[in-house]
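Report on the structure given below.
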Amino acid sequence: MSDFTRLWIYLQQGPLLWLTVTLVAYGIGDFLFVRARRSPWVNPVLVAVLLISVALVATGTDYETYFQGAQFVHFLLGPATVALAVPLFANLRHLRSALVPMTAALVVGSLVAMLSAVGIGWLCGVRGEVLVSLLPKSATSPVALGVAETIGGIPALTAAMVILTGIIGAVVVTPLFNAMGVSDWRARGFATGVAAHGIGTARAFQVNDTAGAFAGIGMGLNALLTALLAPAVAHLLF
Amino acid sequence: MIWPLSILLGCQLAGEAVSRVLGLPVPGPVIGMVLLLVLMAGHRRVPETVAPTAHVILGNLSLLFVPAGVGIVSQLDKVAQYGFGLLAALLGSTVLALAAGVATFRGVARVMGDRR
């Protein structure tokens, strides 16, 4: 056995290798994102996922082996979800200023996101647990993953759907709202946070500060509402 | 660093316990988020203790999605089978949800006498 083979076998058994790869791949993604002047097309998560997937396929490593290392990063999703309370709390005064329009937009936006995703998917022939995995895709990842697990979807698939939703939202939001002639930054930001979670919120902050603050509230509230509604909607539909 | 992390993990732990014991469909960390919100509203010290650590975690939030996202490599058969349908669903639903949300917000604000 060559020294290299022995080293490779040793590294495959511990979490160090794939934990490092995860951080470096994300670092590269973030570097490219900044270099592309934060264009929503160059999403650091998407870049990292592509790089790591290629590395896994090229080295013949299965996902379980990879996850032994990556689980330390994955675990932080829990405390991160709890931490979402901090920006939500900081924006509470905005919440009071437009409580009724926000509540209405939250319920409508959240339901339209869930029902239209499942409806369009069904029309295009998507069935079974793959269709279920689409349901929570507008909520922020940690919540969407937890919800997917609860309602019988595939969390890994939901994770990819959530990221793509965020990218699509960040790319279409400004042209769409300009075409609709909406000039109220509160409405624009809030709808973005509800429909396109953190990636949409980051985009909203690039365009306008008020829009960003309202997007943060929209994201936080939709995380809550999706967690509450998705199990009921899944129960009714599936 | 120790206390803010303890508060975050403690809220998650309590949320997880409540979710399991009561058999709620809501993920434990989401209940933990509500719990932290209540704690922050109740004690002035809590927001200033937790905020710096929360900002560090949330500032790198995207990184935390990577391990789950890589899970797509174990789902490539499903992506190959349903790829078009999934993409159509994501595109359509995101545009519809954005439009519905913004139209509802403006519509209700206008009914309530907001002119802008």
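All residue names refer to the structure tokens as shown: chains lettered A, B, ... in order, residues numbered from 1 in each chain, ligands numbered from 1 in order.
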Q: List the neighbours of range 38-50 of chain B out to 9 Å using only C-alpha atoms; skip same-chain residues closer than 6 positions along the sequence, and give me the result as a list of chain:residue names.
A: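 My reading of the contact set: A:Ala83, A:Ala85, A:Val86, A:Phe89, A:Ala90, B:Met1, B:Trp3, B:Pro4, B:Leu5, B:Ile7, B:Leu8.
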Q: Select all residues from chain B having any atom no more than 7 Å from an atom of chain A (counting only C-alpha atoms, ignoring ligands), output as a PyMOL selection string.
A: chain B and resi 8-9+12+25-27+29-30+32-34+36-37+51+54+57-58+62-75+82+85-86+88-91+93-94+96-98+100-102+104-106+108-109
Q: Could you tell me, as a ChimeraX atom specification, which residues of range 75-216 of chain A DSSP assigns to alpha helix (DSSP H) when given the backbone?
A: /A:75,77-83,85-90,92-97,99-123,128-134,141-151,155-180,185-207,209-216
Q.
My list of candidates is A:Thr201, A:Asn91, A:Thr210, A:Gln68. Which is closest to Thr20 in chain A when distances are computed with only C-alpha atoms?
A.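 Of A:Thr201, A:Asn91, A:Thr210, A:Gln68, the one nearest Thr20 in chain A is A:Gln68, counting only C-alpha atoms.
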Q.
If we count only C-alpha atoms and set the cut-off at 7 Å, which residues sit around Val132 in chain A, ignoring sequence neighbours fewer than 4 positions away in its own chain? Please answer as a PyMOL selection string.
A. chain A and resi 128+152-153
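CA of Val42 in chain A to CA of Ile28 in chain A spans 11.2 Å [interatomic distance, one decimal].
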